[in-house]
>>> print(open('coords_17.cif').read())   # mmCIF, N, CA and C atoms
data_input
loop_
_atom_site.label_atom_id
_atom_site.label_comp_id
_atom_site.auth_asym_id
_atom_site.auth_seq_id
_atom_site.Cartn_x
_atom_site.Cartn_y
_atom_site.Cartn_z
N MET A 1 -15.60 -17.92 -16.88
CA MET A 1 -14.66 -17.09 -16.18
C MET A 1 -15.45 -16.20 -15.22
N THR A 2 -14.92 -16.01 -14.03
CA THR A 2 -15.59 -15.19 -13.04
C THR A 2 -14.74 -14.00 -12.65
N THR A 3 -15.38 -12.98 -12.11
CA THR A 3 -14.67 -11.80 -11.63
C THR A 3 -14.88 -11.63 -10.14
N PHE A 4 -15.21 -12.72 -9.47
CA PHE A 4 -15.39 -12.68 -8.02
C PHE A 4 -14.91 -14.01 -7.45
N LYS A 5 -14.74 -14.03 -6.14
CA LYS A 5 -14.37 -15.27 -5.45
C LYS A 5 -15.45 -15.58 -4.43
N VAL A 6 -15.65 -16.85 -4.21
CA VAL A 6 -16.56 -17.30 -3.18
C VAL A 6 -15.73 -18.05 -2.16
N PHE A 7 -15.83 -17.64 -0.90
CA PHE A 7 -15.11 -18.30 0.17
C PHE A 7 -16.10 -19.04 1.06
N LEU A 8 -15.71 -20.22 1.50
CA LEU A 8 -16.46 -20.87 2.55
C LEU A 8 -16.27 -20.03 3.81
N THR A 9 -17.20 -20.04 4.71
CA THR A 9 -17.05 -19.22 5.92
C THR A 9 -16.14 -19.90 6.94
N ASN A 10 -15.80 -21.16 6.71
CA ASN A 10 -14.94 -21.87 7.63
C ASN A 10 -14.20 -22.95 6.84
N PRO A 11 -12.87 -23.03 6.94
CA PRO A 11 -12.14 -24.02 6.14
C PRO A 11 -12.48 -25.47 6.49
N THR A 12 -13.05 -25.71 7.65
CA THR A 12 -13.41 -27.09 8.00
C THR A 12 -14.60 -27.60 7.18
N MET A 13 -15.36 -26.69 6.58
CA MET A 13 -16.50 -27.10 5.76
C MET A 13 -16.05 -27.93 4.57
N ARG A 14 -14.90 -27.62 4.00
CA ARG A 14 -14.38 -28.37 2.86
C ARG A 14 -14.12 -29.81 3.27
N ALA A 15 -13.49 -29.98 4.44
CA ALA A 15 -13.21 -31.33 4.93
C ALA A 15 -14.50 -32.07 5.23
N ALA A 16 -15.48 -31.37 5.78
CA ALA A 16 -16.76 -32.01 6.09
C ALA A 16 -17.48 -32.47 4.82
N LEU A 17 -17.38 -31.68 3.76
CA LEU A 17 -18.07 -32.01 2.51
C LEU A 17 -17.33 -33.03 1.66
N PHE A 18 -15.99 -32.93 1.63
CA PHE A 18 -15.22 -33.74 0.68
C PHE A 18 -14.18 -34.64 1.32
N GLY A 19 -14.04 -34.59 2.64
CA GLY A 19 -13.05 -35.41 3.33
C GLY A 19 -11.78 -34.63 3.62
N PRO A 20 -11.00 -35.14 4.55
CA PRO A 20 -9.77 -34.45 4.94
C PRO A 20 -8.73 -34.47 3.83
N VAL A 21 -7.81 -33.51 3.89
CA VAL A 21 -6.72 -33.43 2.91
C VAL A 21 -5.40 -33.28 3.66
N SER A 22 -4.32 -33.66 3.01
CA SER A 22 -2.99 -33.50 3.61
C SER A 22 -2.50 -32.07 3.37
N ASP A 23 -1.43 -31.70 4.04
CA ASP A 23 -0.91 -30.34 3.88
C ASP A 23 -0.32 -30.08 2.51
N SER A 24 -0.10 -31.13 1.72
CA SER A 24 0.41 -30.94 0.36
C SER A 24 -0.67 -31.09 -0.71
N HIS A 25 -1.90 -31.29 -0.32
CA HIS A 25 -3.02 -31.44 -1.26
C HIS A 25 -3.24 -30.13 -2.02
N PRO A 26 -3.58 -30.18 -3.31
CA PRO A 26 -3.82 -28.96 -4.09
C PRO A 26 -4.91 -28.05 -3.51
N ALA A 27 -5.84 -28.60 -2.76
CA ALA A 27 -6.92 -27.78 -2.18
C ALA A 27 -6.44 -26.89 -1.04
N MET A 28 -5.25 -27.15 -0.51
CA MET A 28 -4.77 -26.38 0.65
C MET A 28 -4.61 -24.89 0.34
N GLY A 29 -4.30 -24.53 -0.88
CA GLY A 29 -4.20 -23.11 -1.24
C GLY A 29 -5.53 -22.40 -1.04
N CYS A 30 -6.60 -23.01 -1.52
CA CYS A 30 -7.94 -22.43 -1.34
C CYS A 30 -8.35 -22.45 0.13
N MET A 31 -7.97 -23.50 0.84
CA MET A 31 -8.31 -23.56 2.26
C MET A 31 -7.56 -22.49 3.06
N ALA A 32 -6.33 -22.21 2.66
CA ALA A 32 -5.57 -21.14 3.33
C ALA A 32 -6.24 -19.79 3.08
N GLU A 33 -6.68 -19.54 1.85
CA GLU A 33 -7.41 -18.29 1.55
C GLU A 33 -8.66 -18.19 2.42
N THR A 34 -9.38 -19.28 2.54
CA THR A 34 -10.60 -19.28 3.35
C THR A 34 -10.27 -19.02 4.82
N ALA A 35 -9.20 -19.62 5.32
CA ALA A 35 -8.81 -19.40 6.71
C ALA A 35 -8.48 -17.93 6.97
N VAL A 36 -7.74 -17.32 6.07
CA VAL A 36 -7.39 -15.90 6.23
C VAL A 36 -8.65 -15.04 6.17
N PHE A 37 -9.46 -15.27 5.17
CA PHE A 37 -10.67 -14.46 5.01
C PHE A 37 -11.61 -14.64 6.20
N SER A 38 -11.74 -15.86 6.70
CA SER A 38 -12.66 -16.08 7.81
C SER A 38 -12.18 -15.38 9.08
N GLN A 39 -10.87 -15.26 9.26
CA GLN A 39 -10.36 -14.50 10.41
C GLN A 39 -10.75 -13.02 10.28
N TRP A 40 -10.60 -12.48 9.09
CA TRP A 40 -10.94 -11.07 8.87
C TRP A 40 -12.44 -10.81 9.01
N LEU A 41 -13.27 -11.81 8.76
CA LEU A 41 -14.73 -11.64 8.87
C LEU A 41 -15.17 -11.26 10.28
N HIS A 42 -14.38 -11.60 11.27
CA HIS A 42 -14.72 -11.31 12.66
C HIS A 42 -14.26 -9.92 13.10
N ASN A 43 -13.52 -9.24 12.25
CA ASN A 43 -12.97 -7.94 12.61
C ASN A 43 -13.92 -6.84 12.13
N THR A 44 -14.74 -6.33 13.04
CA THR A 44 -15.77 -5.36 12.67
C THR A 44 -15.20 -4.05 12.15
N ALA A 45 -13.96 -3.74 12.49
CA ALA A 45 -13.34 -2.51 12.00
C ALA A 45 -13.01 -2.59 10.51
N TYR A 46 -12.87 -3.82 9.98
CA TYR A 46 -12.44 -3.97 8.59
C TYR A 46 -13.41 -4.76 7.71
N VAL A 47 -14.30 -5.53 8.28
CA VAL A 47 -15.10 -6.47 7.49
C VAL A 47 -15.84 -5.81 6.33
N ASP A 48 -16.34 -4.60 6.51
CA ASP A 48 -17.08 -3.94 5.43
C ASP A 48 -16.18 -3.31 4.37
N SER A 49 -14.88 -3.39 4.57
CA SER A 49 -13.96 -2.75 3.62
C SER A 49 -13.12 -3.77 2.86
N LEU A 50 -13.44 -5.06 2.97
CA LEU A 50 -12.61 -6.10 2.35
C LEU A 50 -13.12 -6.46 0.96
N TYR A 51 -12.17 -6.56 0.03
CA TYR A 51 -12.50 -6.84 -1.37
C TYR A 51 -11.48 -7.78 -1.98
N TYR A 52 -11.88 -8.38 -3.06
CA TYR A 52 -11.02 -9.16 -3.94
C TYR A 52 -10.75 -8.27 -5.14
N ALA A 53 -9.49 -8.11 -5.52
CA ALA A 53 -9.15 -7.25 -6.67
C ALA A 53 -8.74 -8.13 -7.85
N ARG A 54 -9.32 -7.85 -8.99
CA ARG A 54 -8.99 -8.60 -10.19
C ARG A 54 -9.01 -7.67 -11.39
N TRP A 55 -8.05 -7.83 -12.26
CA TRP A 55 -7.99 -7.08 -13.51
C TRP A 55 -7.48 -8.03 -14.58
N ALA A 56 -7.35 -7.56 -15.81
CA ALA A 56 -7.05 -8.43 -16.95
C ALA A 56 -5.84 -9.34 -16.73
N LYS A 57 -4.78 -8.83 -16.10
CA LYS A 57 -3.57 -9.63 -15.99
C LYS A 57 -3.15 -9.94 -14.56
N GLY A 58 -4.06 -9.80 -13.61
CA GLY A 58 -3.66 -10.09 -12.25
C GLY A 58 -4.80 -10.06 -11.26
N GLU A 59 -4.46 -10.39 -10.02
CA GLU A 59 -5.43 -10.38 -8.94
C GLU A 59 -4.71 -10.26 -7.60
N VAL A 60 -5.44 -9.82 -6.60
CA VAL A 60 -4.98 -9.80 -5.22
C VAL A 60 -6.12 -10.37 -4.39
N ASP A 61 -5.79 -11.31 -3.51
CA ASP A 61 -6.81 -12.03 -2.75
C ASP A 61 -7.60 -11.14 -1.80
N LEU A 62 -6.96 -10.20 -1.15
CA LEU A 62 -7.63 -9.41 -0.12
C LEU A 62 -7.10 -7.98 -0.14
N VAL A 63 -8.02 -7.04 -0.33
CA VAL A 63 -7.69 -5.61 -0.32
C VAL A 63 -8.67 -4.92 0.61
N SER A 64 -8.15 -4.05 1.46
CA SER A 64 -9.02 -3.24 2.32
C SER A 64 -9.01 -1.82 1.80
N LEU A 65 -10.20 -1.25 1.62
CA LEU A 65 -10.33 0.13 1.16
C LEU A 65 -10.73 1.03 2.32
N GLU A 66 -10.14 2.23 2.36
CA GLU A 66 -10.57 3.23 3.34
C GLU A 66 -12.02 3.57 3.04
N PRO A 67 -12.90 3.51 4.01
CA PRO A 67 -14.32 3.75 3.74
C PRO A 67 -14.62 5.11 3.12
N ALA A 68 -14.00 6.17 3.60
CA ALA A 68 -14.33 7.52 3.12
C ALA A 68 -13.77 7.79 1.72
N ARG A 69 -12.52 7.42 1.49
CA ARG A 69 -11.86 7.78 0.22
C ARG A 69 -11.80 6.64 -0.79
N GLN A 70 -12.16 5.43 -0.35
CA GLN A 70 -12.13 4.25 -1.22
C GLN A 70 -10.75 4.04 -1.85
N ARG A 71 -9.71 4.27 -1.04
CA ARG A 71 -8.34 4.01 -1.48
C ARG A 71 -7.79 2.83 -0.68
N PRO A 72 -6.96 2.00 -1.31
CA PRO A 72 -6.43 0.83 -0.61
C PRO A 72 -5.59 1.21 0.61
N ARG A 73 -5.84 0.51 1.73
CA ARG A 73 -5.01 0.72 2.92
C ARG A 73 -4.09 -0.46 3.17
N PHE A 74 -4.48 -1.67 2.72
CA PHE A 74 -3.54 -2.79 2.73
C PHE A 74 -4.00 -3.84 1.73
N ALA A 75 -3.04 -4.70 1.36
CA ALA A 75 -3.32 -5.76 0.39
C ALA A 75 -2.60 -7.03 0.84
N VAL A 76 -3.28 -8.16 0.69
CA VAL A 76 -2.74 -9.45 1.11
C VAL A 76 -2.91 -10.47 -0.02
N GLU A 77 -1.83 -11.14 -0.35
CA GLU A 77 -1.88 -12.25 -1.30
C GLU A 77 -1.61 -13.52 -0.50
N VAL A 78 -2.55 -14.44 -0.52
CA VAL A 78 -2.45 -15.65 0.28
C VAL A 78 -1.80 -16.76 -0.54
N LYS A 79 -0.70 -17.28 -0.02
CA LYS A 79 0.00 -18.40 -0.65
C LYS A 79 0.20 -19.50 0.37
N TRP A 80 0.07 -20.74 -0.05
CA TRP A 80 0.32 -21.89 0.80
C TRP A 80 1.59 -22.58 0.29
N SER A 81 2.63 -21.80 0.12
CA SER A 81 3.94 -22.33 -0.28
C SER A 81 4.97 -21.24 0.03
N ASP A 82 6.23 -21.60 -0.06
CA ASP A 82 7.31 -20.64 0.16
C ASP A 82 7.93 -20.15 -1.14
N ARG A 83 7.38 -20.56 -2.28
CA ARG A 83 7.97 -20.21 -3.58
C ARG A 83 8.06 -18.71 -3.80
N ALA A 84 7.05 -17.95 -3.40
CA ALA A 84 7.02 -16.50 -3.68
C ALA A 84 8.13 -15.76 -2.96
N TYR A 85 8.62 -16.30 -1.86
CA TYR A 85 9.69 -15.66 -1.10
C TYR A 85 10.95 -15.52 -1.96
N ASP A 86 11.21 -16.52 -2.79
CA ASP A 86 12.39 -16.50 -3.65
C ASP A 86 12.09 -16.18 -5.11
N ASP A 87 10.83 -16.28 -5.51
CA ASP A 87 10.45 -16.04 -6.90
C ASP A 87 9.30 -15.04 -6.95
N PRO A 88 9.62 -13.73 -7.13
CA PRO A 88 8.58 -12.70 -7.09
C PRO A 88 7.51 -12.83 -8.19
N ARG A 89 7.75 -13.65 -9.19
CA ARG A 89 6.72 -13.85 -10.22
C ARG A 89 5.47 -14.47 -9.61
N GLU A 90 5.63 -15.16 -8.50
CA GLU A 90 4.49 -15.79 -7.82
C GLU A 90 3.51 -14.76 -7.24
N ILE A 91 3.99 -13.53 -7.01
CA ILE A 91 3.15 -12.49 -6.41
C ILE A 91 3.12 -11.24 -7.30
N LYS A 92 3.20 -11.44 -8.61
CA LYS A 92 3.26 -10.29 -9.52
C LYS A 92 2.01 -9.42 -9.43
N GLY A 93 0.86 -10.00 -9.19
CA GLY A 93 -0.37 -9.21 -9.06
C GLY A 93 -0.30 -8.30 -7.84
N LEU A 94 0.17 -8.82 -6.72
CA LEU A 94 0.31 -8.03 -5.51
C LEU A 94 1.30 -6.89 -5.71
N VAL A 95 2.43 -7.19 -6.33
CA VAL A 95 3.46 -6.16 -6.57
C VAL A 95 2.94 -5.10 -7.53
N GLU A 96 2.25 -5.51 -8.57
CA GLU A 96 1.68 -4.54 -9.51
C GLU A 96 0.64 -3.65 -8.82
N PHE A 97 -0.23 -4.26 -8.05
CA PHE A 97 -1.26 -3.50 -7.34
C PHE A 97 -0.63 -2.50 -6.38
N ALA A 98 0.33 -2.95 -5.59
CA ALA A 98 0.99 -2.07 -4.61
C ALA A 98 1.78 -0.96 -5.30
N GLY A 99 2.30 -1.24 -6.48
CA GLY A 99 3.03 -0.21 -7.24
C GLY A 99 2.12 0.89 -7.74
N LYS A 100 0.87 0.57 -8.00
CA LYS A 100 -0.09 1.55 -8.51
C LYS A 100 -0.81 2.32 -7.41
N HIS A 101 -0.83 1.76 -6.21
CA HIS A 101 -1.59 2.36 -5.11
C HIS A 101 -0.69 2.53 -3.89
N LYS A 102 -0.50 3.77 -3.48
CA LYS A 102 0.25 4.03 -2.26
C LYS A 102 -0.60 3.57 -1.07
N MET A 103 -0.02 2.71 -0.25
CA MET A 103 -0.73 2.21 0.93
C MET A 103 0.09 2.52 2.18
N PRO A 104 -0.57 2.69 3.31
CA PRO A 104 0.14 3.01 4.54
C PRO A 104 1.06 1.90 5.03
N ARG A 105 0.85 0.67 4.57
CA ARG A 105 1.73 -0.42 4.99
C ARG A 105 2.15 -1.25 3.78
N ALA A 106 3.24 -1.95 3.94
CA ALA A 106 3.78 -2.77 2.86
C ALA A 106 2.79 -3.87 2.49
N PRO A 107 2.74 -4.25 1.23
CA PRO A 107 1.88 -5.38 0.85
C PRO A 107 2.37 -6.64 1.55
N LEU A 108 1.44 -7.55 1.83
CA LEU A 108 1.75 -8.78 2.55
C LEU A 108 1.47 -9.99 1.68
N ALA A 109 2.42 -10.91 1.63
CA ALA A 109 2.22 -12.21 1.00
C ALA A 109 2.38 -13.26 2.08
N THR A 110 1.39 -14.10 2.24
CA THR A 110 1.55 -15.17 3.20
C THR A 110 2.39 -16.28 2.56
N SER A 111 2.89 -17.15 3.40
CA SER A 111 3.73 -18.24 2.95
C SER A 111 3.44 -19.46 3.82
N LEU A 112 4.14 -20.52 3.54
CA LEU A 112 4.02 -21.70 4.38
C LEU A 112 4.86 -21.52 5.65
N SER A 113 6.11 -21.02 5.48
CA SER A 113 6.98 -20.89 6.66
C SER A 113 7.92 -19.69 6.64
N LYS A 114 8.01 -18.98 5.54
CA LYS A 114 8.95 -17.85 5.42
C LYS A 114 8.37 -16.61 6.06
N ASP A 115 9.28 -15.82 6.68
CA ASP A 115 8.88 -14.64 7.43
C ASP A 115 9.90 -13.54 7.19
N GLY A 116 9.44 -12.29 7.05
CA GLY A 116 10.35 -11.17 6.93
C GLY A 116 10.04 -10.26 5.76
N MET A 117 10.80 -9.18 5.67
CA MET A 117 10.64 -8.21 4.59
C MET A 117 11.60 -8.59 3.46
N ARG A 118 11.14 -8.44 2.23
CA ARG A 118 11.98 -8.70 1.05
C ARG A 118 11.82 -7.54 0.08
N ASP A 119 12.89 -7.22 -0.59
CA ASP A 119 12.84 -6.22 -1.66
C ASP A 119 12.43 -6.94 -2.94
N VAL A 120 11.33 -6.50 -3.51
CA VAL A 120 10.84 -7.08 -4.76
C VAL A 120 10.72 -5.94 -5.77
N GLY A 121 11.69 -5.86 -6.67
CA GLY A 121 11.68 -4.81 -7.68
C GLY A 121 11.68 -3.40 -7.10
N GLY A 122 12.42 -3.20 -6.01
CA GLY A 122 12.49 -1.89 -5.39
C GLY A 122 11.36 -1.60 -4.40
N MET A 123 10.51 -2.56 -4.16
CA MET A 123 9.39 -2.40 -3.23
C MET A 123 9.56 -3.39 -2.08
N GLN A 124 9.29 -2.94 -0.86
CA GLN A 124 9.33 -3.82 0.29
C GLN A 124 8.03 -4.61 0.38
N VAL A 125 8.14 -5.92 0.42
CA VAL A 125 7.00 -6.82 0.57
C VAL A 125 7.22 -7.62 1.85
N GLU A 126 6.18 -7.66 2.67
CA GLU A 126 6.24 -8.42 3.91
C GLU A 126 5.78 -9.85 3.64
N PHE A 127 6.50 -10.82 4.20
CA PHE A 127 6.12 -12.22 4.11
C PHE A 127 5.85 -12.72 5.52
N SER A 128 4.79 -13.50 5.68
CA SER A 128 4.44 -14.07 6.97
C SER A 128 3.76 -15.41 6.74
N PRO A 129 4.11 -16.41 7.55
CA PRO A 129 3.40 -17.70 7.41
C PRO A 129 1.90 -17.49 7.58
N VAL A 130 1.12 -18.17 6.78
CA VAL A 130 -0.33 -18.01 6.82
C VAL A 130 -0.89 -18.31 8.20
N SER A 131 -0.31 -19.28 8.89
CA SER A 131 -0.78 -19.59 10.24
C SER A 131 -0.55 -18.42 11.19
N LEU A 132 0.59 -17.77 11.09
CA LEU A 132 0.89 -16.62 11.94
C LEU A 132 -0.01 -15.44 11.59
N HIS A 133 -0.27 -15.25 10.31
CA HIS A 133 -1.16 -14.15 9.91
C HIS A 133 -2.56 -14.37 10.47
N CYS A 134 -3.08 -15.60 10.38
CA CYS A 134 -4.40 -15.90 10.93
C CYS A 134 -4.42 -15.65 12.44
N TYR A 135 -3.38 -16.09 13.12
CA TYR A 135 -3.30 -15.87 14.56
C TYR A 135 -3.29 -14.37 14.88
N THR A 136 -2.48 -13.61 14.16
CA THR A 136 -2.35 -12.18 14.42
C THR A 136 -3.66 -11.44 14.19
N VAL A 137 -4.34 -11.76 13.10
CA VAL A 137 -5.64 -11.11 12.83
C VAL A 137 -6.63 -11.45 13.94
N GLY A 138 -6.68 -12.71 14.35
CA GLY A 138 -7.58 -13.12 15.44
C GLY A 138 -7.23 -12.44 16.75
N LYS A 139 -5.96 -12.39 17.09
CA LYS A 139 -5.51 -11.75 18.33
C LYS A 139 -5.86 -10.26 18.33
N ASN A 140 -5.55 -9.59 17.22
CA ASN A 140 -5.87 -8.14 17.14
C ASN A 140 -7.36 -7.89 17.22
N THR A 141 -8.14 -8.75 16.61
CA THR A 141 -9.60 -8.61 16.66
C THR A 141 -10.11 -8.74 18.10
N LEU A 142 -9.62 -9.74 18.80
CA LEU A 142 -10.05 -9.94 20.19
C LEU A 142 -9.60 -8.80 21.10
N GLU A 143 -8.41 -8.29 20.88
CA GLU A 143 -7.92 -7.17 21.70
C GLU A 143 -8.74 -5.92 21.47
N ARG A 144 -9.18 -5.69 20.23
CA ARG A 144 -10.03 -4.50 19.95
C ARG A 144 -11.37 -4.61 20.63
N ARG A 145 -11.91 -5.82 20.69
CA ARG A 145 -13.20 -6.03 21.35
C ARG A 145 -13.12 -5.77 22.84
N GLY A 146 -11.95 -6.06 23.42
CA GLY A 146 -11.77 -5.89 24.85
C GLY A 146 -11.59 -4.45 25.29
N SER A 147 -11.27 -3.56 24.34
CA SER A 147 -11.03 -2.16 24.73
C SER A 147 -12.28 -1.31 24.66
#
>>> encode(input="coords_17.cif", output="structure tokens")
Amino acid sequence: MTTFKVFLTNPTMRAALFGPVSDSHPAMGCMAETAVFSQWLHNTAYVDSLYYARWAKGEVDLVSLEPARQRPRFAVEVKWSDRAYDDPREIKGLVEFAGKHKMPRAPLATSLSKDGMRDVGGMQVEFSPVSLHCYTVGKNTLERRGS
């Protein structure tokens, strides 16, 4: 059992090492996590504040801590399916984490295609397709570099 995650720096490395996979292959969940994390790696404003959160009964894929106070500023749970949009048990770790830590923005769960805000146990959770989230992180990163 481990208390950390290891991400490839680029999701194409998996295909290069083990061959291509279809969009329904079980490895796509891990590849989606890698794609999200690799986009954040290019964002110099956040890269040093990114963590994986894990505790006895849950985990969150990506948490950013404020550098000075070490308090969570956002949390992202990466999913490569739309199940969590209708079944909050799929993101119970994210909901538990967000319930314990006040953050300036709603927790985010990625999905395959679902988009929008949902009430999960009295808490607003944002859903965004993983492809759109990767695009948005990349776009924001490039815009910050240009200013």
>>> resolve_selection(input="coords_17.cif", expression="the PyMOL selection byres ((chain A and resi 62-64) around 5)", output="list in words")
Ser49, Leu50, Tyr51, Tyr52, Val60, Asp61, Leu65, Glu66, Pro72, Arg73, Phe74, Ala75 and Val76 of chain A
>>> resolve_selection(input="coords_17.cif", expression="the PyMOL selection byres ((chain A and resi 97-110) around 8)", output="MDAnalysis selection string")
chainID A and resid 58:60 71:82 84:85 91:96 111:114 123:131 133
>>> closest_residue(input="coords_17.cif", among="A:Asp115, A:Cys134, A:Val120, A:Asp86", to="Ala35 of chain A", atoms="only N, CA and C atoms")
A:Cys134
>>> select_by_dssp(input="coords_17.cif", residues="segment 2-147 of chain A", states="strand (DSSP E or B)", output="count of residues only")
36
>>> residues_near_point(input="coords_17.cif", point="(-15.4, -20.6, 10.9)", cutoff="8 Å", atoms="all atoms listed in the file", output="CSV table (one decimal) with N, CA and C atoms, keeping the file's coordinate frame")
chain,number,residue,atom,x,y,z
A,8,LEU,N,-15.7,-20.2,1.5
A,8,LEU,CA,-16.5,-20.9,2.6
A,8,LEU,C,-16.3,-20.0,3.8
A,9,THR,N,-17.2,-20.0,4.7
A,9,THR,CA,-17.0,-19.2,5.9
A,9,THR,C,-16.1,-19.9,6.9
A,10,ASN,N,-15.8,-21.2,6.7
A,10,ASN,CA,-14.9,-21.9,7.6
A,10,ASN,C,-14.2,-23.0,6.8
A,11,PRO,N,-12.9,-23.0,6.9
A,11,PRO,CA,-12.1,-24.0,6.1
A,11,PRO,C,-12.5,-25.5,6.5
A,12,THR,N,-13.0,-25.7,7.6
A,12,THR,CA,-13.4,-27.1,8.0
A,12,THR,C,-14.6,-27.6,7.2
A,13,MET,N,-15.4,-26.7,6.6
A,13,MET,CA,-16.5,-27.1,5.8
A,13,MET,C,-16.0,-27.9,4.6
A,35,ALA,N,-9.2,-19.6,5.3
A,35,ALA,CA,-8.8,-19.4,6.7
A,35,ALA,C,-8.5,-17.9,7.0
A,38,SER,N,-11.7,-15.9,6.7
A,38,SER,CA,-12.7,-16.1,7.8
A,38,SER,C,-12.2,-15.4,9.1
A,39,GLN,N,-10.9,-15.3,9.3
A,39,GLN,CA,-10.4,-14.5,10.4
A,39,GLN,C,-10.8,-13.0,10.3
>>> atom_distance(input="coords_17.cif", atom1="atom C of Ala45 of chain A", atom2="atom CA of Lys139 of chain A")
14.2 Å
>>> atom_distance(input="coords_17.cif", atom1="atom CA of Ala53 of chain A", atom2="atom CA of Thr34 of chain A")
15.7 Å
>>> select_by_dssp(input="coords_17.cif", residues="chain A", states="alpha helix (DSSP H)", output="PyMOL selection string")
chain A and resi 12-18+28-41+83-86+92-100+130-146
>>> atom_distance(input="coords_17.cif", atom1="atom CA of Met28 of chain A", atom2="atom N of Val6 of chain A")
15.3 Å
